[in-house]
Amino acid sequence: MLHIHPSRRAVLKGGGALIVSFSLAGADAFAQGAAAKSVALTDVDAFLAIDPKGVVTVYSGKVDLGTGVTTALRQIVADELDVPLAKVDLVQGDTALTPDQGITWGSLTIQSGGMQLRQAAATARNALLDEAAKRLNAGKAELVVEDGLIRAKTGKAKVSYAELIGGKNFALKLDEKAPVKNPSDFKLVGKPVPRVDIPDKMTGRFTYMQDFRVPGMLHGRVVRPPAIGATLQSVDEGSVKDIPGVVQVVREGNFLGVAAESEWAAIKAARQIKATWSSWDGLPDQSKLWEHVRGTKVVKDEPTSNVGDTAAAMAQGAKKLAATYDFAIHTHGSIGPSCAVAEFKDGKLTAWSASQATHMLRKQLAQMFGLPPENVRAVYLEGSGCYGRNGHEDAVGDAALLAKATGRPVRVQWMRADEHGWDPKGPPTLIDLRAALDASGSVTAWESEFFIPQAAGGFAVPLVAASLAGMPHDTVIAPGNIFNNSAIPYKFANIKTVCHRLETTPFRPSWIRTPGRMQNTYANECFMDELAAAANADALEFRLKYLNDKRGIELLDRLAALAKWEKRPSPQKASGNVVKGRGISYVKYELVRTYVGAVAEVEVDRASGQIRVTRFYVAHDCGQIINPDGLRNQIDGNVLQTVSRTLKEEVTFDRSKVTSVDWESYPILTFPEMPEIVVELIDRPTEKPWGAGEPTASIVPSAISNAVFDATGVRLRSIPYTPKKVKAALA
Amino acid sequence: MAQSVKLNVNGKPVAVKADDRDMPLLYALRDGLHLHGPRFGCGLGQCGACTVHIDGKAVRSCITPLSKLTANQKIVTLEGLGTPEKPHPVQKAFIDAQAAQCGYCINGMIMESAAFLARNKKPTDAEIKQALANNLCRCGTHVRIVDAVKRAARTA
């Protein structure tokens with residue numbers, strides 16, 4: 001039943017237009033009754049509105065981090081409602097307007113967020129059809145919808161969505177049982193629809209977070225301690241007096257920042273200001289990082305799988321293997337440093353940022369400034385890709401603190417060294433594995449131990465400004481769900497996998513693309529390759545022997561055909577200075593969703609220790625594909641970024657601070673080093689859509705590692721595979 | 001003292017207020033002229049996100065001080081290259097190839113490629129990769145970016 005109410009508020013009229021207008025003008029974000037819009041996950045109005053012109057506005061709590069989902073989510077809704085894509089607008093990540101669909105992470109935007117939108121659209125469509133049936137005096141089953149116009153198959157009378165609901169609330173509960181479209185009727189889902197944002201982004205018309213300005217705004221820059229735990233002892237405010245435009249030096253505990261009328265004045269002041277800090281050298285010695293990790297107090301043991309009796313099986317094994325793998329500390333490395341604008345007005349705080357979690361950020365800001373959450377509004381604007389929880393939220397804390405102190409809106413953009421030095425890091429990961437084979441080369445036992453930081457207390461990574469200033473915040477260690485994929489997809493008789501949760505980790509941790517799943521799968525899939533080699537078996541056949549999952553088996557078969565996989569054991573006996581190899585890897589993401597398999601082809605220069613990844617084959621099954629072109633783009637990105645992380649990346653530090661604070665000291669993959677990428681998508685339109693933002697990345701390091709073994713006969717077990725390490729291993 | 005610095009940007013003479021002629025061009029373009037194309041990435045000339053053309057050459061605006069520029073030099077930004085309605089052939093090729101993920105680095109990719117293709121009409125893949133060797137992309141859009149530059153070379 002559709003309850004059509006007269007328009008309660010203007011907010012639904014303009015939909016996205018309203019937001020654009022105040023976003024760009026920077027006017028009072030709390031005005032115009034925006035609070036009246038439902039953001040309840042149970043309400044259709046939380047997700048959708050249709051204006052008098054028939055324009056559909058989608059309100060998405062999940063945001064586009066550069067993955068193209070604003071187009072894919074539009075495709076889902078447009079298809080479900082039978083409206084053209086051009087008539088669908090989208091508002092993302094605004095705490096006043098969009099429902100809290102959770103953090104945009106974990107490859108869940110389509111799988112979870114998109115399916116909530118699909119159900120909201122199906123509920124709306126169902127109700128609109130009920131109403132249309134009455135108006136047209138026709139049976140509901142007789143009705144068809146084209147471009148937002150409803151008519152009976154036989155009659156000529158039509159009624160539009162705009163006429164039925166335009167500008168009014170649906171006032172409907174989201175109906176989990178509302179019938180969704182049959183996949184065979186999809187017009188947009190499954191098609192390579194071009195991204196709606198790309199033309200503006202290619203021509204400088206798009207407004208990124210970093211481009212956003214509000215009237216009367218100051219520019220802020222932060223002055224971070226020269227040692228992470230240093231105490232601010234004194235500040236010479238006079239040291240920046242000669243810079244025209246400097247408005248205020250802001251000191252709050254160990255937080256130091258400057259605000260100026262111009263961006264360049266703020267940058268100069270932050271560089272020039274004289275401050276004295278205490279010394280601090282609380283970081284471990286990097287050359288002994290893995291001893292440090294192993295020696296860190298374990299606060300909890302979390303078994304992630306336990307089958308049979310591994311101890312007994314290990315004791316009886318004909319052949320036993322043990323190996324230790326480690327994976328370096330990584331930074332997110334966003335190309336555009338984190339940026340935010342914050343404004344206090346009438347005791348209320350509005351924060352614009354590229355945060356992947358505006359609803360959570362709102363709570364953190366409320367806590368930090370002692371405000372009720374309803375007096376904080378966090379608005380998402382697309383920024384530089386973040387690949388997890390980078391510094392975007394921290395820049396908000398900085399901007400808000402400076403805005404509070406100066407009484408004016410403040411924009412903060414981090415400098416490059418702030419981003420590399422102070423974004424939360426992907427924690428160092430250490431993994432021990434053991435296994436036993438029987439006399440025939442079959443695996444009888446698998447044991448693994450993962451040394452990873454604890455994750456108690458939620459996902460609100462503490463804001464740097466709150467920590468430095470000593471303002472209220474939860475002191476949690478929040479590395480994300482890094483236990484995932486510690487258990488394995490293979491059916492051995494005896495398996496025991498345990499995560500040792502560590503009390504501390506050297507740097508404030510957070511999640512970076514494929515958190516935990518990358519490190520854990522790396523160790524698992526390399527060790528699986530070690531077992532295959534020990535059994536003198538082909539690495540692909542060896543995996544298939546222990547899989548009883550139909551989709552997984554089909555995927556690996558298709559991968560083998562794609563990569564023209566030659567069945568033989570590794571290593572091959574190659575000679576010469578530059579040797580070639582191939583390696584395979586497989587994952588069922590989190591053991592419950594997306595299947596990916598990859599074959600890497602590499603060349604190893606024995607003299608220089610240089611590894612070149614020449615080609616990557618990927619077979620990918622994420623169920624129903626929404627946009628195959630967007631999906632391919634994501635898979636390419638997963639491969640390229642992870643080749644970079646595998647071969648080159650490592651945060652370096654001394655006892656006081658991060659020392660890899662630019663692109664020279666933290667190099668990433670460049671164009672001359674890029675591999676060719678060959679992708680096969682397995683589309684399953686009648687299955688659920690699963691995520692694709694991360695799964696491929698999880699198997700890249702192991703595929704490379706296994707290929708290097710195939711080429712050289714040497715097993716690399718420490719990421720990154722720098723020429724220095726490779727040379728040492730080959731020596 | 002605030003000075004007025006005369007520049008020629010996207011075909012028009014403009015005056016930008018600056019307290020300091022050591023200020024890099026990037027801030028004059030973004031904060032003074034409200035252009036969005038050139039972007040701050042590193043401020044060190046390492047990543048390329050800030051690239052503009054000066055007299056047809058790709059230049060890193062984040063390390064180019066205003067004091068080094070004259071009013072006669074022709075500065076062109078991504079906006080001056082083309083618009084969504086009338087894109088430059090390189091912009092059109094990037095749109096056709098859907099060569100972006102977050103798109104933050106793409107200003108540099110397009111500006112660098114446009115300057116490169118103007119002097120090398122029929123580049124090899126290796127030459128394209130070498131031309132972009134000092135432009136960083138974190139999302140991993142490299143395959144499509146190279147594809148876009150090849151498309152642009154074919155259609156130019």
# chains A, B, ... in the order shown; residues from 1 in each chain; ligands from 1

$ closest_atom_pairs --of "chain B" --to "chain A" --cutoff "8 Å" --atoms "only C-alpha atoms" --output "JSON lines"
{"residue": "B:Met1", "atom": "CA", "partner": "A:Pro244", "partner_atom": "CA", "distance": 7.5}
{"residue": "B:Asp19", "atom": "CA", "partner": "A:Pro244", "partner_atom": "CA", "distance": 6.8}
{"residue": "B:Met23", "atom": "CA", "partner": "A:Trp264", "partner_atom": "CA", "distance": 6.6}
{"residue": "B:Tyr27", "atom": "CA", "partner": "A:Trp264", "partner_atom": "CA", "distance": 6.9}
{"residue": "B:Arg30", "atom": "CA", "partner": "A:Asp211", "partner_atom": "CA", "distance": 7.9}
{"residue": "B:Asp31", "atom": "CA", "partner": "A:Glu263", "partner_atom": "CA", "distance": 7.6}
{"residue": "B:Leu35", "atom": "CA", "partner": "A:Gly204", "partner_atom": "CA", "distance": 7.4}
{"residue": "B:His36", "atom": "CA", "partner": "A:Gly204", "partner_atom": "CA", "distance": 5.2}
{"residue": "B:Gly37", "atom": "CA", "partner": "A:Gly204", "partner_atom": "CA", "distance": 4.2}
{"residue": "B:Pro38", "atom": "CA", "partner": "A:Gly204", "partner_atom": "CA", "distance": 8.0}
{"residue": "B:Arg39", "atom": "CA", "partner": "A:Gly336", "partner_atom": "CA", "distance": 7.7}
{"residue": "B:Phe40", "atom": "CA", "partner": "A:Gly336", "partner_atom": "CA", "distance": 6.4}
{"residue": "B:Gly41", "atom": "CA", "partner": "A:Gly336", "partner_atom": "CA", "distance": 4.7}
{"residue": "B:Cys42", "atom": "CA", "partner": "A:Arg416", "partner_atom": "CA", "distance": 4.9}
{"residue": "B:Gly43", "atom": "CA", "partner": "A:Arg416", "partner_atom": "CA", "distance": 7.2}
{"residue": "B:Gln46", "atom": "CA", "partner": "A:Trp663", "partner_atom": "CA", "distance": 6.5}
{"residue": "B:Cys47", "atom": "CA", "partner": "A:Trp663", "partner_atom": "CA", "distance": 7.6}
{"residue": "B:Ala49", "atom": "CA", "partner": "A:Ile335", "partner_atom": "CA", "distance": 7.8}
{"residue": "B:Leu78", "atom": "CA", "partner": "A:Thr203", "partner_atom": "CA", "distance": 5.7}
{"residue": "B:Glu79", "atom": "CA", "partner": "A:Gly204", "partner_atom": "CA", "distance": 5.3}
{"residue": "B:Leu81", "atom": "CA", "partner": "A:Thr203", "partner_atom": "CA", "distance": 7.7}
{"residue": "B:Gly82", "atom": "CA", "partner": "A:Thr203", "partner_atom": "CA", "distance": 6.3}
{"residue": "B:Thr83", "atom": "CA", "partner": "A:Thr203", "partner_atom": "CA", "distance": 5.5}
{"residue": "B:Pro84", "atom": "CA", "partner": "A:Pro199", "partner_atom": "CA", "distance": 5.4}
{"residue": "B:Pro87", "atom": "CA", "partner": "A:Thr203", "partner_atom": "CA", "distance": 7.3}
{"residue": "B:Gln91", "atom": "CA", "partner": "A:Met202", "partner_atom": "CA", "distance": 6.0}
{"residue": "B:Phe94", "atom": "CA", "partner": "A:Met202", "partner_atom": "CA", "distance": 7.2}
{"residue": "B:Ile95", "atom": "CA", "partner": "A:Pro199", "partner_atom": "CA", "distance": 6.0}
{"residue": "B:Gln98", "atom": "CA", "partner": "A:Ile198", "partner_atom": "CA", "distance": 7.0}
{"residue": "B:Ala100", "atom": "CA", "partner": "A:Ile198", "partner_atom": "CA", "distance": 7.1}
{"residue": "B:Gln101", "atom": "CA", "partner": "A:Gly66", "partner_atom": "CA", "distance": 4.8}
{"residue": "B:Cys102", "atom": "CA", "partner": "A:Gly66", "partner_atom": "CA", "distance": 3.5}
{"residue": "B:Gly103", "atom": "CA", "partner": "A:Lys201", "partner_atom": "CA", "distance": 6.3}
{"residue": "B:Tyr104", "atom": "CA", "partner": "A:Ser384", "partner_atom": "CA", "distance": 5.4}
{"residue": "B:Cys105", "atom": "CA", "partner": "A:Ile335", "partner_atom": "CA", "distance": 6.8}
{"residue": "B:Ile106", "atom": "CA", "partner": "A:Met202", "partner_atom": "CA", "distance": 6.9}
{"residue": "B:Asn107", "atom": "CA", "partner": "A:Met202", "partner_atom": "CA", "distance": 7.0}
{"residue": "B:Ile110", "atom": "CA", "partner": "A:Met202", "partner_atom": "CA", "distance": 7.9}
{"residue": "B:Ala126", "atom": "CA", "partner": "A:Pro672", "partner_atom": "CA", "distance": 7.1}
{"residue": "B:Lys129", "atom": "CA", "partner": "A:Phe671", "partner_atom": "CA", "distance": 5.0}
{"residue": "B:Gln130", "atom": "CA", "partner": "A:Pro672", "partner_atom": "CA", "distance": 6.0}
{"residue": "B:Leu132", "atom": "CA", "partner": "A:Phe671", "partner_atom": "CA", "distance": 6.3}
{"residue": "B:Ala133", "atom": "CA", "partner": "A:Phe671", "partner_atom": "CA", "distance": 5.3}
{"residue": "B:Asn134", "atom": "CA", "partner": "A:Thr670", "partner_atom": "CA", "distance": 7.3}
{"residue": "B:Asn135", "atom": "CA", "partner": "A:Thr670", "partner_atom": "CA", "distance": 7.5}
{"residue": "B:Leu136", "atom": "CA", "partner": "A:Thr670", "partner_atom": "CA", "distance": 6.5}
{"residue": "B:Cys137", "atom": "CA", "partner": "A:Ile335", "partner_atom": "CA", "distance": 7.1}
{"residue": "B:Arg138", "atom": "CA", "partner": "A:Ile335", "partner_atom": "CA", "distance": 6.4}
{"residue": "B:Cys139", "atom": "CA", "partner": "A:Gly637", "partner_atom": "CA", "distance": 5.5}
{"residue": "B:Gly140", "atom": "CA", "partner": "A:Gly637", "partner_atom": "CA", "distance": 4.0}
{"residue": "B:Thr141", "atom": "CA", "partner": "A:Gly637", "partner_atom": "CA", "distance": 5.8}
{"residue": "B:His142", "atom": "CA", "partner": "A:Phe671", "partner_atom": "CA", "distance": 6.5}
{"residue": "B:Val143", "atom": "CA", "partner": "A:Asp636", "partner_atom": "CA", "distance": 7.4}

$ write_last_selection --atoms "C-alpha atoms" --output "short mmCIF file (atom, residue, chain, number, x, y, z; two decimals), in the first residue's frame"
data_model
loop_
_atom_site.label_atom_id
_atom_site.label_comp_id
_atom_site.auth_asym_id
_atom_site.auth_seq_id
_atom_site.Cartn_x
_atom_site.Cartn_y
_atom_site.Cartn_z
CA MET B 1 53.06 43.14 0.35
CA ASP B 19 52.48 37.83 -1.31
CA MET B 23 55.01 30.71 -4.39
CA TYR B 27 48.75 27.60 -5.78
CA ARG B 30 44.20 26.45 -7.76
CA ASP B 31 43.65 29.13 -5.14
CA LEU B 35 41.20 25.76 -11.45
CA HIS B 36 40.73 22.09 -10.53
CA GLY B 37 42.85 20.40 -13.21
CA PRO B 38 46.32 20.77 -11.70
CA ARG B 39 46.42 19.00 -8.34
CA PHE B 40 48.66 18.90 -5.32
CA GLY B 41 50.19 15.46 -4.98
CA CYS B 42 53.63 15.76 -3.45
CA GLY B 43 54.95 19.30 -3.82
CA GLN B 46 57.86 13.37 -7.93
CA CYS B 47 54.31 12.32 -8.90
CA ALA B 49 49.56 15.32 -10.45
CA LEU B 78 43.58 20.51 -18.14
CA GLU B 79 40.65 22.93 -18.42
CA LEU B 81 42.95 21.58 -23.16
CA GLY B 82 39.25 20.81 -23.61
CA THR B 83 35.83 20.43 -22.03
CA PRO B 84 33.44 17.49 -21.61
CA PRO B 87 37.44 17.38 -25.33
CA GLN B 91 41.01 13.72 -23.17
CA PHE B 94 41.00 8.80 -21.91
CA ILE B 95 37.19 9.06 -21.72
CA GLN B 98 37.54 4.76 -19.32
CA ALA B 100 40.54 6.38 -14.55
CA GLN B 101 39.82 4.94 -11.17
CA CYS B 102 39.88 7.73 -8.60
CA GLY B 103 41.17 10.02 -11.34
CA TYR B 104 43.29 12.20 -9.08
CA CYS B 105 46.51 11.52 -11.03
CA ILE B 106 44.86 11.74 -14.43
CA ASN B 107 45.53 15.45 -14.89
CA ILE B 110 46.74 13.63 -19.82
CA ALA B 126 57.86 1.31 -24.64
CA LYS B 129 55.69 3.94 -20.80
CA GLN B 130 58.99 5.81 -20.68
CA LEU B 132 55.03 8.44 -18.24
CA ALA B 133 57.78 6.88 -16.11
CA ASN B 134 57.74 9.79 -13.66
CA ASN B 135 53.96 10.00 -13.35
CA LEU B 136 52.57 7.95 -10.49
CA CYS B 137 49.18 6.23 -10.33
CA ARG B 138 48.23 4.45 -7.10
CA CYS B 139 44.92 2.91 -8.19
CA GLY B 140 46.72 0.83 -10.83
CA THR B 141 45.10 2.25 -13.96
CA HIS B 142 48.34 1.86 -15.94
CA VAL B 143 46.98 -0.57 -18.53
#

$ residues_around --residues "A:Ile512" --least-positions-apart "3" --cutoff "6 Å" --atoms "only C-alpha atoms" --output "list in words"
Tyr387, Gly388, Gly426 and Pro515 of chain A

$ select_by_dssp --residues "stretch 11-132 of chain B" --states "alpha helix (DSSP H)" --output "PyMOL selection string"
chain B and resi 25-27+78-81+89-96+106-119+125-131

$ write_last_selection --atoms "N, CA and C atoms" --output "CSV table (one decimal), in the first residue's frame"
chain,number,residue,atom,x,y,z
B,25,LEU,N,53.6,28.0,-8.9
B,25,LEU,CA,52.5,28.3,-9.8
B,25,LEU,C,51.2,27.5,-9.4
B,26,LEU,N,51.3,26.3,-8.9
B,26,LEU,CA,50.2,25.4,-8.6
B,26,LEU,C,49.2,26.2,-7.7
B,27,TYR,N,49.7,26.9,-6.7
B,27,TYR,CA,48.8,27.6,-5.8
B,27,TYR,C,48.1,28.8,-6.4
B,78,LEU,N,44.5,21.5,-17.6
B,78,LEU,CA,43.6,20.5,-18.1
B,78,LEU,C,42.3,21.2,-18.7
B,79,GLU,N,41.9,22.2,-18.0
B,79,GLU,CA,40.7,22.9,-18.4
B,79,GLU,C,40.9,23.6,-19.8
B,80,GLY,N,42.1,24.1,-20.0
B,80,GLY,CA,42.4,24.8,-21.2
B,80,GLY,C,42.6,23.8,-22.4
B,81,LEU,N,42.8,22.6,-22.1
B,81,LEU,CA,43.0,21.6,-23.2
B,81,LEU,C,41.6,21.3,-23.8
B,89,PRO,N,41.8,15.7,-28.1
B,89,PRO,CA,41.8,14.2,-28.5
B,89,PRO,C,42.4,13.3,-27.5
B,90,VAL,N,43.3,13.8,-26.7
B,90,VAL,CA,43.9,13.0,-25.6
B,90,VAL,C,42.8,12.8,-24.5
B,91,GLN,N,42.1,13.8,-24.2
B,91,GLN,CA,41.0,13.7,-23.2
B,91,GLN,C,39.9,12.8,-23.7
B,92,LYS,N,39.6,12.9,-25.0
B,92,LYS,CA,38.6,12.0,-25.5
B,92,LYS,C,39.0,10.6,-25.5
B,93,ALA,N,40.3,10.3,-25.8
B,93,ALA,CA,40.8,9.0,-25.7
B,93,ALA,C,40.8,8.4,-24.3
B,94,PHE,N,41.1,9.2,-23.3
B,94,PHE,CA,41.0,8.8,-21.9
B,94,PHE,C,39.5,8.5,-21.5
B,95,ILE,N,38.6,9.3,-22.0
B,95,ILE,CA,37.2,9.1,-21.7
B,95,ILE,C,36.7,7.8,-22.4
B,96,ASP,N,37.1,7.6,-23.7
B,96,ASP,CA,36.7,6.4,-24.4
B,96,ASP,C,37.3,5.1,-23.8
B,106,ILE,N,45.1,11.8,-13.0
B,106,ILE,CA,44.9,11.7,-14.4
B,106,ILE,C,45.2,13.1,-15.1
B,107,ASN,N,45.1,14.2,-14.3
B,107,ASN,CA,45.5,15.4,-14.9
B,107,ASN,C,47.0,15.3,-15.4
B,108,GLY,N,47.8,14.8,-14.6
B,108,GLY,CA,49.2,14.6,-15.0
B,108,GLY,C,49.4,13.7,-16.2
B,109,MET,N,48.6,12.6,-16.2
B,109,MET,CA,48.7,11.6,-17.3
B,109,MET,C,48.3,12.2,-18.6
B,110,ILE,N,47.2,13.0,-18.6
B,110,ILE,CA,46.7,13.6,-19.8
B,110,ILE,C,47.7,14.7,-20.3
B,111,MET,N,48.1,15.6,-19.3
B,111,MET,CA,49.0,16.7,-19.7
B,111,MET,C,50.3,16.2,-20.2
B,112,GLU,N,50.9,15.2,-19.5
B,112,GLU,CA,52.2,14.7,-19.9
B,112,GLU,C,52.0,14.0,-21.3
B,113,SER,N,51.0,13.2,-21.5
B,113,SER,CA,50.8,12.5,-22.8
B,113,SER,C,50.5,13.5,-23.9
B,114,ALA,N,49.8,14.5,-23.7
B,114,ALA,CA,49.5,15.5,-24.7
B,114,ALA,C,50.7,16.1,-25.2
B,115,ALA,N,51.6,16.5,-24.3
B,115,ALA,CA,52.9,17.2,-24.7
B,115,ALA,C,53.8,16.2,-25.4
B,116,PHE,N,53.7,14.9,-24.9
B,116,PHE,CA,54.6,13.9,-25.5
B,116,PHE,C,54.1,13.6,-26.9
B,117,LEU,N,52.8,13.4,-27.1
B,117,LEU,CA,52.3,13.1,-28.4
B,117,LEU,C,52.5,14.2,-29.5
B,118,ALA,N,52.6,15.4,-28.9
B,118,ALA,CA,52.8,16.6,-29.9
B,118,ALA,C,54.2,16.5,-30.5
B,119,ARG,N,55.1,15.8,-29.8
B,119,ARG,CA,56.5,15.7,-30.4
B,119,ARG,C,56.8,14.3,-30.9
B,125,ASP,N,54.9,1.3,-27.6
B,125,ASP,CA,54.4,1.1,-26.2
B,125,ASP,C,55.5,1.5,-25.2
B,126,ALA,N,56.7,1.1,-25.6
B,126,ALA,CA,57.9,1.3,-24.6
B,126,ALA,C,58.1,2.8,-24.5
B,127,GLU,N,58.0,3.5,-25.6
B,127,GLU,CA,58.2,5.0,-25.5
B,127,GLU,C,57.1,5.7,-24.7
B,128,ILE,N,55.8,5.2,-24.8
B,128,ILE,CA,54.7,5.7,-24.0
B,128,ILE,C,55.0,5.5,-22.5
B,129,LYS,N,55.4,4.3,-22.2
B,129,LYS,CA,55.7,3.9,-20.8
B,129,LYS,C,56.8,4.8,-20.3
B,130,GLN,N,57.9,5.0,-21.1
B,130,GLN,CA,59.0,5.8,-20.7
B,130,GLN,C,58.6,7.3,-20.5
B,131,ALA,N,57.7,7.7,-21.4
B,131,ALA,CA,57.2,9.1,-21.3
B,131,ALA,C,56.5,9.4,-20.0

$ residues_around --residues "stretch 434-436 of chain A" --least-positions-apart "5" --cutoff "9 Å" --atoms "only C-alpha atoms" --output "list in words"
Thr310, Ala313, Met314, Ala315, Gln316, Gly317, Ala318, Lys319, Lys320, Leu321, Ala322, Ala323, Thr324, Ser442, Val443, Thr444, Ala445, Trp446, Glu447, Ser448, Phe527 and Leu531 of chain A

$ closest_residue --among "A:Lys241, A:Lys588, A:Arg294, A:Lys657" --to "A:Ile488" --atoms "only C-alpha atoms"
A:Lys588

$ atom_distance --atom1 "atom CA of A:Ala692" --atom2 "atom CA of A:Lys87"
26.6 Å

$ residues_around --residues "A:Glu530" --least-positions-apart "5" --cutoff "9 Å" --atoms "only C-alpha atoms" --output "PyMOL selection string"
chain A and resi 321+525+535+539+706+715

$ write_last_selection --atoms "N, CA and C atoms" --output "short mmCIF file (atom, residue, chain, number, x, y, z; two decimals), in the first residue's frame"
data_model
loop_
_atom_site.label_atom_id
_atom_site.label_comp_id
_atom_site.auth_asym_id
_atom_site.auth_seq_id
_atom_site.Cartn_x
_atom_site.Cartn_y
_atom_site.Cartn_z
N LEU A 321 57.20 -30.25 6.63
CA LEU A 321 57.71 -28.95 6.16
C LEU A 321 57.33 -27.88 7.17
N GLU A 525 49.08 -19.60 0.28
CA GLU A 525 49.22 -20.04 -1.11
C GLU A 525 50.68 -20.29 -1.50
N ALA A 535 55.90 -32.64 -2.96
CA ALA A 535 55.25 -33.86 -3.46
C ALA A 535 55.60 -34.12 -4.92
N ALA A 539 51.43 -27.75 -9.46
CA ALA A 539 50.82 -26.89 -8.45
C ALA A 539 49.31 -26.73 -8.64
N ASN A 706 55.45 -17.75 -6.14
CA ASN A 706 55.50 -19.11 -6.70
C ASN A 706 56.16 -19.12 -8.08
N ARG A 715 62.86 -20.09 -2.77
CA ARG A 715 61.58 -19.64 -2.20
C ARG A 715 61.79 -18.33 -1.46
#

$ atom_distance --atom1 "atom CA of A:Ala487" --atom2 "atom CA of A:Ser305"
5.8 Å

$ closest_residue --among "A:Ile625, A:Val726, A:Ile452, A:Leu256" --to "A:Glu687" --atoms "only C-alpha atoms"
A:Ile625

$ residues_around --residues "A:Phe507" --least-positions-apart "5" --cutoff "10 Å" --atoms "only C-alpha atoms" --output "number ranges by chain"
A: 228, 283, 329, 422-428, 477, 657-658

$ residues_around --residues "A:Pro303" --least-positions-apart "3" --cutoff "7 Å" --atoms "only C-alpha atoms" --output "JSON, numbers by chain"
{"A": [306, 497, 498, 499]}

$ select_by_dssp --residues "stretch 1-155 of chain B" --states "strand (DSSP E)" --output "list of chain:residue names"
B:Gln3, B:Ser4, B:Val5, B:Lys6, B:Leu7, B:Asn8, B:Val9, B:Lys12, B:Pro13, B:Val14, B:Ala15, B:Val16, B:Lys17, B:Ala18, B:Thr51, B:Val52, B:His53, B:Ile54, B:Lys57, B:Ala58, B:Val59, B:Arg60, B:Lys74, B:Ile75, B:Val76

$ residues_around --residues "B:Ala97" --least-positions-apart "5" --cutoff "8 Å" --atoms "only C-alpha atoms" --output "PyMOL selection string"
chain B and resi 144-145+147-148

$ atom_distance --atom1 "atom CA of A:Leu90" --atom2 "atom CA of A:Gly167"
15.9 Å
